[in-house]
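Working notes for the structure below.
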Amino acid sequence: MRLTNQVAWITGAGSGIGEATARRFAAEGARLALTDVNPDGIERVAKDLGPDVFTAVADVTNRDQVQAAVKGITDKFGRLDILIANAGLAKDGLALKMSEANWDLVVDVSLKGTFLCCQAAMRPMITQKSGRIVTTASIASLGNPGQANYSAAKAGIIGLTKTLALELANWNITVNCVAPGAVDTPMLQALKEEIRQGMLQAIPLKRFAQPSEIAAAHLFFCSEDAAYVSGQILFVDGGLSTGI
Ligand SMILES: NC(=O)c1ccc[n+]([C@@H]2O[C@H](COP(=O)([O-])OP(=O)(O)OC[C@H]3O[C@@H](n4cnc5c(N)ncnc54)[C@H](O)[C@@H]3O)[C@@H](O)[C@H]2O)c1
């Protein structure tokens with residue numbers, strides 16, 4: 001087991017990639033803290049993973065709820081070793097017609113939410129002089145028609161990741177980013193079939209990722225094998241970001 005007794009906080013843990021990461025980290029011996037804006041998913045996952053799992057409903061855009069979650073985690077486990085800042089959503093539409101509300105929602109959840117969770121997690125990590133933070137970008141950070149809000153937020157997360165890697169290195173905290181391509185989760189399943197088929201054709205490996213394949217990247221960044229890796233962006237995208 002590669003995460004024995006490591007305390008890992010996963011946001012957006014009630015579905016898709018967050019759920020897969022919770023299940024993989026539990027199998028690797030981690031002690032889990034699962035948060036989500038929606039209580040249903042985290043309760044379901046926690047039930048499967050045993051009585052020692054911490055759960056809390058926390059909207060990542062709400063500073064008080066985020067800080068309360070970290071207090072709950074450190075009260076229960078006495079420390080915090082890992083943050084997987086995974087919560088996110090999409091509200092797609094061409095920039096010409098995009099509402100201000102949909103811009104604000106997506107940028108708030110992805111970019112501000114990631115910042116607030118990183119800020120709350122870094123406090124106990126600084127005290128411990130150790131920690132691993134993994135943020136979540138996307139292939140869309142490279143640009144994607146219909147996703148001006150999402151693309152901008154995810155590109156912002158890359159800048160945030162690199163800056164935090166520099167600011168937190170002094171305390172032996174690494175900060176890295178996983179940038180998934182198209183992953184078979186409810187977020188992808190919500191797209192129209194013709195859009196999904198178009199994406200499939202463009203992916204060199206000709207299939208969508210399974211959520212467990214993104215969890216594997218999370219595990220790498222949090223394992224001993226990545227102790228000297230910080231400020232990196234790992235595209236897990238079936239080759240989609242490669243080539244001209
Ligand atoms: N699925 C993909 O193809 C794909 C590709 C690239 C990046 N991503 C990113 O991976 C992450 C996980 O996505 P997924 O595909 O598992 O999606 P998902 O919709 O299955 O899960 C996202 C989870 O985040 C939670 N969430 C949403 N808003 C929140 C908020 N304000 N506070 C707390 N939790 C909130 C949701 O309730 C949900 O449980 C997201 O950041 C997403 O942008 C996904």
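Ligands are numbered from 1 in the order shown, residues from 1 within each chain, and chains are lettered A, B, ... in the order they appear in the structure tokens.
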
Close residues to ligand 1 using only C-alpha atoms and all ligand atoms, limit 7 Å, as a PyMOL selection string | chain A and resi 11-18+35-38+41+58-61+86-90+109-110+136-139+179-188

If you keep N, CA and C atoms, can you produce a file of those selected residues as a compact mmCIF listing (two decimals), in the first residue's frame?
# COMPACT_ATOMS: atom_id res chain seq x y z
N THR A 11 -12.10 16.80 -2.63
CA THR A 11 -13.30 17.62 -2.86
C THR A 11 -14.04 17.08 -4.09
N GLY A 12 -15.34 17.30 -4.11
CA GLY A 12 -16.14 16.73 -5.21
C GLY A 12 -16.06 15.22 -5.21
N ALA A 13 -16.05 14.65 -4.01
CA ALA A 13 -15.76 13.21 -3.86
C ALA A 13 -16.98 12.32 -4.06
N GLY A 14 -18.14 12.92 -4.34
CA GLY A 14 -19.35 12.13 -4.42
C GLY A 14 -19.68 11.61 -5.79
N SER A 15 -18.80 11.79 -6.76
CA SER A 15 -19.12 11.39 -8.14
C SER A 15 -17.82 11.25 -8.93
N GLY A 16 -17.91 10.55 -10.04
CA GLY A 16 -16.87 10.56 -11.06
C GLY A 16 -15.44 10.36 -10.58
N ILE A 17 -14.58 11.29 -10.94
CA ILE A 17 -13.15 11.19 -10.66
C ILE A 17 -12.88 11.23 -9.16
N GLY A 18 -13.60 12.11 -8.44
CA GLY A 18 -13.38 12.20 -6.99
C GLY A 18 -13.72 10.90 -6.29
N THR A 35 -15.53 15.53 0.82
CA THR A 35 -16.47 16.64 0.86
C THR A 35 -17.08 16.83 -0.53
N ASP A 36 -18.27 17.41 -0.51
CA ASP A 36 -18.98 17.70 -1.77
C ASP A 36 -20.10 18.68 -1.43
N VAL A 37 -20.56 19.40 -2.44
CA VAL A 37 -21.70 20.28 -2.22
C VAL A 37 -22.99 19.47 -2.10
N ASN A 38 -22.95 18.26 -2.64
CA ASN A 38 -24.11 17.36 -2.64
C ASN A 38 -23.85 16.21 -1.65
N GLY A 41 -23.79 11.61 -2.74
CA GLY A 41 -22.66 10.82 -3.25
C GLY A 41 -21.66 10.48 -2.16
N ALA A 58 -19.64 20.62 1.83
CA ALA A 58 -18.92 21.90 1.75
C ALA A 58 -18.91 22.36 0.30
N ASP A 59 -19.41 23.56 0.10
CA ASP A 59 -19.34 24.21 -1.21
C ASP A 59 -17.97 24.86 -1.30
N VAL A 60 -17.19 24.48 -2.30
CA VAL A 60 -15.81 25.00 -2.37
C VAL A 60 -15.74 26.51 -2.60
N THR A 61 -16.85 27.12 -3.00
CA THR A 61 -16.83 28.58 -3.19
C THR A 61 -17.10 29.33 -1.89
N ASN A 86 -10.57 18.66 -6.51
CA ASN A 86 -11.17 18.03 -7.69
C ASN A 86 -12.52 18.63 -8.09
N ALA A 87 -13.22 19.27 -7.16
CA ALA A 87 -14.60 19.73 -7.45
C ALA A 87 -14.60 20.66 -8.66
N GLY A 88 -15.58 20.47 -9.52
CA GLY A 88 -15.69 21.33 -10.69
C GLY A 88 -16.99 21.08 -11.40
N LEU A 89 -17.35 21.99 -12.29
CA LEU A 89 -18.53 21.80 -13.12
C LEU A 89 -18.36 22.58 -14.41
N ALA A 90 -19.22 22.28 -15.36
CA ALA A 90 -19.18 22.98 -16.65
C ALA A 90 -20.56 23.56 -16.95
N VAL A 109 -16.40 28.13 -9.01
CA VAL A 109 -16.26 26.76 -8.49
C VAL A 109 -14.85 26.23 -8.79
N SER A 110 -14.42 26.37 -10.04
CA SER A 110 -13.14 25.76 -10.40
C SER A 110 -11.95 26.54 -9.84
N THR A 136 -6.85 20.25 -10.23
CA THR A 136 -7.47 19.61 -11.39
C THR A 136 -7.68 20.64 -12.50
N ALA A 137 -6.91 20.51 -13.56
CA ALA A 137 -7.14 21.35 -14.74
C ALA A 137 -7.95 20.52 -15.73
N SER A 138 -7.64 20.66 -17.01
CA SER A 138 -8.37 19.93 -18.06
C SER A 138 -7.65 20.16 -19.37
N ILE A 139 -7.85 19.26 -20.30
CA ILE A 139 -7.41 19.50 -21.68
C ILE A 139 -7.98 20.81 -22.20
N ALA A 179 -4.38 17.12 -15.48
CA ALA A 179 -5.23 17.71 -16.53
C ALA A 179 -5.84 16.57 -17.35
N PRO A 180 -7.05 16.15 -16.98
CA PRO A 180 -7.66 15.04 -17.72
C PRO A 180 -8.10 15.47 -19.12
N GLY A 181 -8.18 14.48 -20.00
CA GLY A 181 -8.85 14.67 -21.29
C GLY A 181 -10.33 14.40 -21.09
N ALA A 182 -10.89 13.50 -21.88
CA ALA A 182 -12.31 13.17 -21.74
C ALA A 182 -12.45 11.92 -20.89
N VAL A 183 -13.11 12.08 -19.76
CA VAL A 183 -13.23 10.99 -18.78
C VAL A 183 -14.69 10.57 -18.68
N ASP A 184 -14.93 9.29 -18.65
CA ASP A 184 -16.31 8.79 -18.66
C ASP A 184 -16.96 8.93 -17.28
N THR A 185 -17.45 10.13 -17.02
CA THR A 185 -18.12 10.45 -15.75
C THR A 185 -19.45 11.15 -16.09
N PRO A 186 -20.28 11.43 -15.08
CA PRO A 186 -21.53 12.16 -15.35
C PRO A 186 -21.31 13.47 -16.10
N MET A 187 -20.15 14.13 -15.88
CA MET A 187 -19.90 15.40 -16.59
C MET A 187 -19.83 15.17 -18.11
N LEU A 188 -19.15 14.10 -18.51
CA LEU A 188 -19.02 13.78 -19.93
C LEU A 188 -20.33 13.20 -20.47

Output as JSON lines one row per residue of range 123-223 of chain A within 9 Å of range 3-7 of chain A: the closest atom pair and its distance in Å to one decimal place, counting only C-alpha atoms, sorted by chain and residue number ascending.
{"residue": "A:Leu219", "atom": "CA", "partner": "A:Leu3", "partner_atom": "CA", "distance": 8.3}
{"residue": "A:Cys222", "atom": "CA", "partner": "A:Leu3", "partner_atom": "CA", "distance": 7.8}
{"residue": "A:Ser223", "atom": "CA", "partner": "A:Leu3", "partner_atom": "CA", "distance": 6.7}

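Of the residues under consideration (A:Gln232, A:Asn62, A:Ser141, A:Thr135), A:Thr135 shows the shortest atom-to-atom contact distance to Ile84 in chain A when counting only C-alpha atoms.
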
Secondary structure check, strand (DSSP E or B) residues of range 36-238 of chain A, as a PyMOL selection string | chain A and resi 36+54-57+82-85+93+131-136+147+173-180+183+209+233-236

Given the selection you just returned, output its residues as a file containing N, CA and C atoms, formatted as a tab-separated table (two decimals), in the first residue's frame.
chain	number	residue	atom	x	y	z
A	36	ASP	N	-18.27	17.41	-0.51
A	36	ASP	CA	-18.98	17.70	-1.77
A	36	ASP	C	-20.10	18.68	-1.43
A	54	PHE	N	-14.31	10.52	7.14
A	54	PHE	CA	-14.90	11.81	7.48
A	54	PHE	C	-15.67	12.32	6.27
A	55	THR	N	-16.90	12.79	6.48
A	55	THR	CA	-17.63	13.43	5.38
A	55	THR	C	-18.17	14.78	5.85
A	56	ALA	N	-18.24	15.70	4.92
A	56	ALA	CA	-18.87	16.99	5.22
A	56	ALA	C	-19.39	17.59	3.93
A	57	VAL	N	-20.55	18.22	4.03
A	57	VAL	CA	-21.05	18.99	2.90
A	57	VAL	C	-20.34	20.33	2.91
A	82	ILE	N	-2.84	15.28	2.43
A	82	ILE	CA	-3.10	15.33	0.98
A	82	ILE	C	-4.38	16.12	0.72
A	83	LEU	N	-4.33	17.01	-0.27
A	83	LEU	CA	-5.55	17.61	-0.80
A	83	LEU	C	-5.66	17.25	-2.28
A	84	ILE	N	-6.78	16.66	-2.67
A	84	ILE	CA	-7.11	16.49	-4.09
A	84	ILE	C	-8.22	17.50	-4.37
A	85	ALA	N	-7.85	18.64	-4.97
A	85	ALA	CA	-8.82	19.72	-5.26
A	85	ALA	C	-9.48	19.39	-6.60
A	93	GLY	N	-21.25	27.03	-23.46
A	93	GLY	CA	-21.97	27.91	-24.38
A	93	GLY	C	-20.96	28.80	-25.08
A	131	GLY	N	3.32	17.96	2.93
A	131	GLY	CA	1.99	17.89	2.33
A	131	GLY	C	2.06	17.69	0.84
A	132	ARG	N	0.94	17.22	0.30
A	132	ARG	CA	0.80	17.03	-1.16
A	132	ARG	C	-0.52	17.66	-1.57
A	133	ILE	N	-0.44	18.56	-2.53
A	133	ILE	CA	-1.65	19.17	-3.09
A	133	ILE	C	-1.70	18.82	-4.57
A	134	VAL	N	-2.85	18.32	-5.01
A	134	VAL	CA	-3.05	18.05	-6.43
A	134	VAL	C	-4.29	18.81	-6.89
A	135	THR	N	-4.13	19.67	-7.87
A	135	THR	CA	-5.24	20.43	-8.42
A	135	THR	C	-5.74	19.74	-9.70
A	136	THR	N	-6.85	20.25	-10.23
A	136	THR	CA	-7.47	19.61	-11.39
A	136	THR	C	-7.68	20.64	-12.50
A	147	GLN	N	-16.39	26.68	-24.33
A	147	GLN	CA	-15.99	26.54	-22.92
A	147	GLN	C	-15.10	27.71	-22.46
A	173	ILE	N	6.05	20.96	0.88
A	173	ILE	CA	4.72	20.70	0.32
A	173	ILE	C	4.85	20.75	-1.20
A	174	THR	N	4.47	19.67	-1.87
A	174	THR	CA	4.48	19.70	-3.33
A	174	THR	C	3.09	20.05	-3.84
A	175	VAL	N	3.06	20.73	-4.98
A	175	VAL	CA	1.78	21.12	-5.59
A	175	VAL	C	1.86	20.78	-7.08
A	176	ASN	N	1.00	19.90	-7.50
A	176	ASN	CA	0.98	19.45	-8.89
A	176	ASN	C	-0.46	19.46	-9.41
A	177	CYS	N	-0.60	19.23	-10.70
A	177	CYS	CA	-1.91	19.35	-11.33
A	177	CYS	C	-2.13	18.18	-12.29
A	178	VAL	N	-3.31	17.59	-12.23
A	178	VAL	CA	-3.70	16.59	-13.23
A	178	VAL	C	-4.67	17.27	-14.21
A	179	ALA	N	-4.38	17.12	-15.48
A	179	ALA	CA	-5.23	17.71	-16.53
A	179	ALA	C	-5.84	16.57	-17.35
A	180	PRO	N	-7.05	16.15	-16.98
A	180	PRO	CA	-7.66	15.04	-17.72
A	180	PRO	C	-8.10	15.47	-19.12
A	183	VAL	N	-13.11	12.08	-19.76
A	183	VAL	CA	-13.23	10.99	-18.78
A	183	VAL	C	-14.69	10.57	-18.68
A	209	ALA	N	-11.19	8.10	-21.07
A	209	ALA	CA	-10.52	7.59	-19.87
A	209	ALA	C	-11.55	7.06	-18.89
A	233	ILE	N	2.33	19.69	-14.49
A	233	ILE	CA	0.98	19.47	-15.04
A	233	ILE	C	1.04	18.15	-15.80
A	234	LEU	N	0.26	17.18	-15.38
A	234	LEU	CA	0.24	15.88	-16.05
A	234	LEU	C	-1.05	15.74	-16.85
A	235	PHE	N	-0.93	15.78	-18.17
A	235	PHE	CA	-2.10	15.56	-19.03
A	235	PHE	C	-2.37	14.06	-19.11
A	236	VAL	N	-3.56	13.67	-18.71
A	236	VAL	CA	-3.97	12.26	-18.78
A	236	VAL	C	-5.11	12.22	-19.78

Can you pull out every residue within 12 Å of Leu96 in chain A, counting only C-alpha atoms, but drop anything in the same chain fewer than 3 positions away, and send it as JSON, numbers by chain?
-> {"A": [92, 93, 99, 100, 103, 145, 146, 147, 148, 149]}

For Pro124 in chain A, please output as a list in words all residues within 12 Å (counting only C-alpha atoms; exclusion window: fewer than 4 positions along the same chain).
-> Val7, Gln67, Val70, Lys71, Ile73, Thr74, Asp75, Phe77, Gly78, Arg79, Leu80, Asp81, Ile82, Leu83, Cys118, Gln119, Ala120, Gln128, Lys129, Ser130, Gly131, Arg132, Trp171 and Ile173 of chain A

Would you please extract all alpha helix (DSSP H) residues from range 26-242 of chain A, as assigned by DSSP on the backbone, and give them as a VMD selection string?
-> chain A and resid 26 to 27 39 to 49 63 to 77 100 to 107 113 to 128 148 to 168 186 to 189 193 to 202 211 to 222

Find the residue from A:Ala95, A:Ile157, A:Ala22, A:Ala152 that sits nearest to Lys112 in chain A; use only C-alpha atoms when measuring.
->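 With only C-alpha atoms as the atom set, the closest residue is A:Ile157.
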
Residue with smallest distance to Glu19 in chain A - pool A:Leu164, A:Pro51, A:Gln210, A:Tyr150, counting only C-alpha atoms = A:Gln210

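For the atom pair formed by CA of Asp225 in chain A and CA of Glu28 in chain A, the distance is 14.0 Å, given to one decimal.
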
From the set A:Lys91, A:Gly239, A:Ser230, A:Gly159, which residue has the shortest atom-to-atom contact distance to Leu191 in chain A, counting only C-alpha atoms?
-> A:Lys91

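Interatomic distance, CA of Asp52 in chain A to CA of Arg24 in chain A: 15.7 Å.
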
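In this structure, CA of Asn102 in chain A sits 28.3 Å away from CA of Glu43 in chain A.
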
Nearest candidate to Gly113 in chain A (options A:Leu160, A:Ile214, A:Ile42, A:Leu94; using only C-alpha atoms) |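 Checking each candidate against Gly113 in chain A, we get A:Leu160 as the closest.
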
Please identify all polymer residues within 9 Å of Leu205 in chain A, counting only C-alpha atoms, omitting same-chain residues fewer than 3 positions from it, and present them as an mmCIF file with C-alpha atoms, in the first residue's frame.
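The resulting file, out28.cif, is reproduced below:
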data_model
loop_
_atom_site.group_PDB
_atom_site.id
_atom_site.type_symbol
_atom_site.label_atom_id
_atom_site.label_comp_id
_atom_site.auth_asym_id
_atom_site.auth_seq_id
_atom_site.Cartn_x
_atom_site.Cartn_y
_atom_site.Cartn_z
ATOM 1 C CA LEU A 200 -13.761 10.133 -29.496
ATOM 2 C CA ALA A 202 -9.996 13.143 -32.001
ATOM 3 C CA PHE A 208 -12.499 7.870 -23.106
ATOM 4 C CA ASP A 237 -5.718 12.484 -22.106
ATOM 5 C CA GLY A 238 -5.039 9.507 -24.364
ATOM 6 C CA GLY A 239 -2.597 11.626 -26.370
ATOM 7 C CA LEU A 240 -5.133 14.360 -27.203
#
